[in-house]
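Student: Sharing run_17.txt here; it has compact mmCIF, C-alpha atoms.
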# COMPACT_ATOMS: atom_id res chain seq x y z
CA MET A 304 -1.43 -10.85 13.52
CA THR A 305 2.16 -10.39 12.43
CA LEU A 306 2.83 -7.90 9.64
CA TYR A 307 6.09 -7.41 7.77
CA HIS A 308 7.74 -4.33 6.29
CA GLY A 309 10.44 -4.77 3.65
CA THR A 310 13.10 -2.07 3.56
CA ASN A 311 16.67 -1.41 2.47
CA ALA A 312 17.80 -0.09 5.87
CA PRO A 313 16.61 -0.87 9.41
CA PHE A 314 15.05 1.90 11.51
CA ASP A 315 13.70 2.25 15.04
CA GLU A 316 10.79 4.68 14.64
CA ILE A 317 8.14 4.86 11.92
CA ASP A 318 8.18 8.36 10.49
CA LEU A 319 5.26 8.99 8.12
CA SER A 320 6.91 12.14 6.77
CA ARG A 321 9.62 9.94 5.22
CA SER A 322 7.03 7.98 3.26
CA ARG A 323 6.80 8.69 -0.44
CA LYS A 324 3.79 10.40 -1.95
CA GLY A 325 1.95 8.95 -4.91
CA LYS A 326 1.67 5.34 -3.75
CA ASP A 327 -1.30 2.98 -4.15
CA PHE A 328 -3.15 4.07 -1.02
CA GLY A 329 -1.31 7.32 -0.43
CA GLN A 330 1.62 8.48 1.66
CA GLY A 331 1.96 6.05 4.54
CA PHE A 332 3.61 2.98 6.01
CA TYR A 333 3.04 -0.23 4.03
CA LEU A 334 3.12 -3.76 5.39
CA SER A 335 2.23 -7.28 4.33
CA ALA A 336 1.02 -10.38 6.16
CA ASP A 337 3.24 -12.36 3.73
CA LYS A 338 6.89 -12.39 4.80
CA GLN A 339 8.07 -13.44 1.31
CA GLN A 340 6.24 -10.51 -0.26
CA ALA A 341 7.94 -8.15 2.20
CA MET A 342 11.34 -9.68 1.33
CA GLU A 343 10.68 -9.13 -2.38
CA MET A 344 9.89 -5.47 -1.65
CA ALA A 345 13.08 -5.15 0.41
CA GLN A 346 15.13 -6.63 -2.45
CA PHE A 347 13.44 -4.29 -4.94
CA LYS A 348 14.32 -1.28 -2.77
CA VAL A 349 17.94 -2.46 -2.52
CA LYS A 350 18.18 -2.65 -6.34
CA ILE A 351 16.98 0.95 -6.64
CA LEU A 352 18.44 2.60 -3.53
CA GLY A 353 21.21 0.30 -2.33
CA GLY A 354 21.51 -0.88 1.26
CA THR A 355 20.67 -4.25 2.77
CA ALA A 356 17.40 -6.15 2.38
CA THR A 357 15.74 -6.03 5.80
CA ILE A 358 12.43 -7.33 7.13
CA GLN A 359 10.92 -5.61 10.15
CA GLU A 360 8.14 -7.42 12.00
CA TYR A 361 5.20 -5.83 13.78
CA GLU A 362 2.36 -7.19 15.84
CA PHE A 363 -1.07 -5.75 15.15
CA ASP A 364 -4.35 -6.58 16.88
CA GLU A 365 -6.67 -6.90 13.89
CA SER A 366 -9.75 -6.58 16.10
CA GLN A 367 -8.88 -2.85 16.09
CA LEU A 368 -10.02 -2.72 12.46
CA HIS A 369 -13.64 -3.30 13.38
CA GLY A 370 -14.11 -0.95 16.32
CA ASP A 371 -15.00 2.72 16.33
CA MET A 372 -11.46 3.95 16.93
CA LEU A 373 -10.17 3.72 13.34
CA LYS A 374 -11.37 4.69 9.90
CA TYR A 375 -10.75 1.54 7.87
CA LYS A 376 -11.19 0.74 4.19
CA GLN A 377 -10.95 -2.77 2.79
CA PHE A 378 -10.74 -3.88 -0.84
CA ASP A 379 -11.12 -7.66 -1.09
CA GLU A 380 -10.33 -7.84 -4.78
CA TYR A 381 -9.51 -5.81 -7.86
CA THR A 382 -12.57 -3.65 -8.57
CA GLU A 383 -13.23 -0.41 -10.42
CA GLU A 384 -13.59 1.31 -7.04
CA TRP A 385 -10.11 0.02 -6.08
CA ALA A 386 -8.66 1.18 -9.45
CA GLU A 387 -10.14 4.68 -9.03
CA PHE A 388 -8.83 4.82 -5.45
CA VAL A 389 -5.31 3.81 -6.58
CA LEU A 390 -5.42 6.29 -9.47
CA ALA A 391 -6.42 9.18 -7.17
CA ASN A 392 -3.68 8.33 -4.66
CA ARG A 393 -1.00 7.75 -7.29
CA GLU A 394 -1.72 11.16 -8.81
CA ASN A 395 -1.68 12.98 -5.47
CA MET A 396 1.68 14.66 -4.83
CA SER A 397 0.26 17.23 -2.41
CA ASP A 398 0.50 17.24 1.38
CA THR A 399 -3.27 16.71 1.61
CA PRO A 400 -4.34 13.04 1.60
CA MET A 401 -6.96 11.91 -0.92
CA HIS A 402 -8.87 10.00 1.76
CA HIS A 403 -9.54 10.03 5.50
CA TYR A 404 -8.74 6.38 6.34
CA ASP A 405 -6.29 5.43 9.07
CA ILE A 406 -5.75 1.97 7.58
CA VAL A 407 -6.43 0.61 4.10
CA TYR A 408 -6.17 -3.04 3.10
CA GLY A 409 -6.26 -4.23 -0.47
CA PRO A 410 -4.49 -5.63 -3.53
CA ILE A 411 -1.14 -4.35 -4.72
CA ALA A 412 -1.04 -2.70 -8.15
CA ASN A 413 1.58 -3.87 -10.61
CA ASP A 414 4.73 -1.91 -11.39
CA ASN A 415 3.37 -0.37 -14.62
CA VAL A 416 0.87 1.94 -12.92
CA GLY A 417 2.43 5.12 -14.33
CA GLN A 418 2.23 3.91 -17.91
CA GLN A 419 -1.37 2.75 -17.46
CA MET A 420 -2.33 6.07 -15.86
CA ARG A 421 -1.02 7.89 -18.94
CA ASN A 422 -2.97 5.52 -21.21
CA LEU A 423 -6.17 6.22 -19.27
CA LYS A 424 -5.68 10.00 -19.25
CA GLU A 425 -4.93 10.03 -22.97
CA GLU A 426 -8.09 7.94 -23.46
CA ASN A 427 -6.13 5.12 -25.06
CA ILE A 428 -7.82 2.72 -22.63
CA ASP A 429 -11.04 2.75 -20.60
CA LEU A 430 -11.42 2.20 -16.85
CA LYS A 431 -12.15 -1.52 -17.27
CA THR A 432 -8.93 -2.03 -19.26
CA PHE A 433 -7.04 0.13 -16.75
CA LEU A 434 -8.27 -2.16 -13.96
CA GLU A 435 -7.15 -5.29 -15.81
CA ARG A 436 -3.71 -3.87 -16.48
CA LEU A 437 -3.19 -2.87 -12.84
CA LYS A 438 -3.52 -6.44 -11.59
CA TYR A 439 -0.28 -7.71 -10.11
CA LYS A 440 1.38 -10.09 -12.56
CA LYS A 441 2.31 -12.65 -9.90
CA GLY A 442 -1.31 -13.03 -8.83
CA ILE A 443 -3.32 -11.13 -6.27
CA THR A 444 -1.27 -10.04 -3.27
CA TYR A 445 -2.37 -7.72 -0.50
CA GLN A 446 -0.93 -4.80 1.42
CA TYR A 447 -1.78 -2.87 4.55
CA PHE A 448 -1.47 0.91 4.54
CA PHE A 449 -1.08 2.68 7.90
CA GLY A 450 -1.50 6.36 7.14
CA THR A 451 -1.98 8.16 10.46
CA GLU A 452 -0.16 8.40 13.77
CA LYS A 453 -3.24 6.84 15.38
CA ALA A 454 -2.78 3.75 13.20
CA ILE A 455 1.03 3.66 13.58
CA ASN A 456 0.68 3.69 17.37
CA LEU A 457 -1.19 0.36 17.17
CA LEU A 458 1.85 -1.39 15.66
CA LYS A 459 4.17 -3.08 18.13
CA ARG A 460 7.67 -3.92 16.88
CA ILE A 461 8.63 -7.54 17.45
Mind converting the file's structure to structure tokens?

Tutor:
Amino acid sequence: MTLYHGTNAPFDEIDLSRSRKGKDFGQGFYLSADKQQAMEMAQFKVKILGGTATIQEYEFDESQLHGDMLKYKQFDEYTEEWAEFVLANRENMSDTPMHHYDIVYGPIANDNVGQQMRNLKEENIDLKTFLERLKYKKGITYQYFFGTEKAINLLKRI
């Protein structure tokens, strides 16, 4: 399968240490199977950081997801388990990952995660409401998280 990474500046090597902490599935390299979604992310990054909207394409053999080589987690839809997973990863600013997965696949959380996390912690909302408010406003869209060198080495730049 072809996966796309939206960025504000092209690069040759994937460097996990440059990835931001506190993202949906943790510190890692994020991709989409939807080129338009990747372009929207690239444009969003340009608005915040400047640069030029760039899409980088990678080939990935998805049969690797079902062998014994990788630790893989898949969320097919918005669930309470997904919401708790996102919450734990969004709160984690340490160098120690919150999970042991090489690759995670699942829905993207909306842009108001921080505000909803505060509401949950202050007990203004319950977990069910938190889950509803994390759903992406444009409809369900998915992302791939590659969080280890083992996973990154399976991506081939096109």

Student: If we count only C-alpha atoms and set the cut-off at 7 Å, which residues sit around stretch 309-311 of chain A, ignoring sequence neighbours fewer than 6 positions away in its own chain? Please answer as number ranges by chain.

Tutor: A: 341-342, 344-345, 348-349, 353-359

Student: Find, counting all atoms listed in the file, the residue in A:Glu360, A:Asp337, A:Glu387, A:Asp379 that gets nearest to A:Asp429.

Tutor: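 Smallest separation from A:Asp429 among the options: A:Glu387.
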
Student: Closest to A:Ile406 among A:Thr451, A:Gln419, A:Thr432, A:Ser366, using only C-alpha atoms?

Tutor: A:Thr451

Student: Between A:Phe433, A:Phe314, A:Phe449, A:Tyr361, which one has atoms that come closest to A:Val389, using all atoms listed in the file?

Tutor: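 Closest candidate: A:Phe433.
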
Student: Could you check which of A:Leu306, A:Met372, A:Ile428, A:Ala386 is closest to A:Tyr404, using only C-alpha atoms?

Tutor: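 Result for the nearest residue to A:Tyr404: A:Met372.
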
Student: So, with only C-alpha atoms as the atoms that count, which of A:Lys459, A:His403, A:Arg323, A:Lys350 lies closest to A:Lys374?

Tutor: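 Using only C-alpha atoms, A:Lys374 sits closest to A:His403.
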
Student: Calculate how many Å separate atom CA of A:Gly331 from atom CA of A:Ile411, rounding to one decimal.

Tutor: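 Atom CA of A:Ile411 lies at a distance of 14.3 Å from atom CA of A:Gly331.
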
Student: Would you work out the distance separating atom CA of A:Ile317 from atom CA of A:Leu458, expressed in Å to one decimal?

Tutor: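 Computing it gives 9.6 Å between the two atoms.
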
Student: Identify which of the residues A:Asp405, A:Glu316, A:Glu343, A:Asp327 lies closest to A:Tyr375, counting all atoms listed in the file when measuring atom-to-atom distances.

Tutor: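 The answer is A:Asp405, which sits nearest to A:Tyr375.
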
Student: Can you measure atom CA of A:Gly325 to atom CA of A:Asn395 for me? One decimal in Å is fine.

Tutor: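 A separation of 5.5 Å between them.
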
Student: Is there a way to get, as number ranges by chain, all residues within 12 Å of the point (0.2, -5.6, 16.0) in file coordinates, counting only C-alpha atoms?

Tutor: A: 304-307, 334-336, 360-368, 447, 449, 454-461

Student: Residues near A:Met420, anyone? I mean within 12 Å using only C-alpha atoms, not counting same-chain ones fewer than 4 positions away, as a VMD selection string.

Tutor: chain A and resid 386 to 387 389 to 394 412 to 416 424 to 430 432 to 434 436 to 437
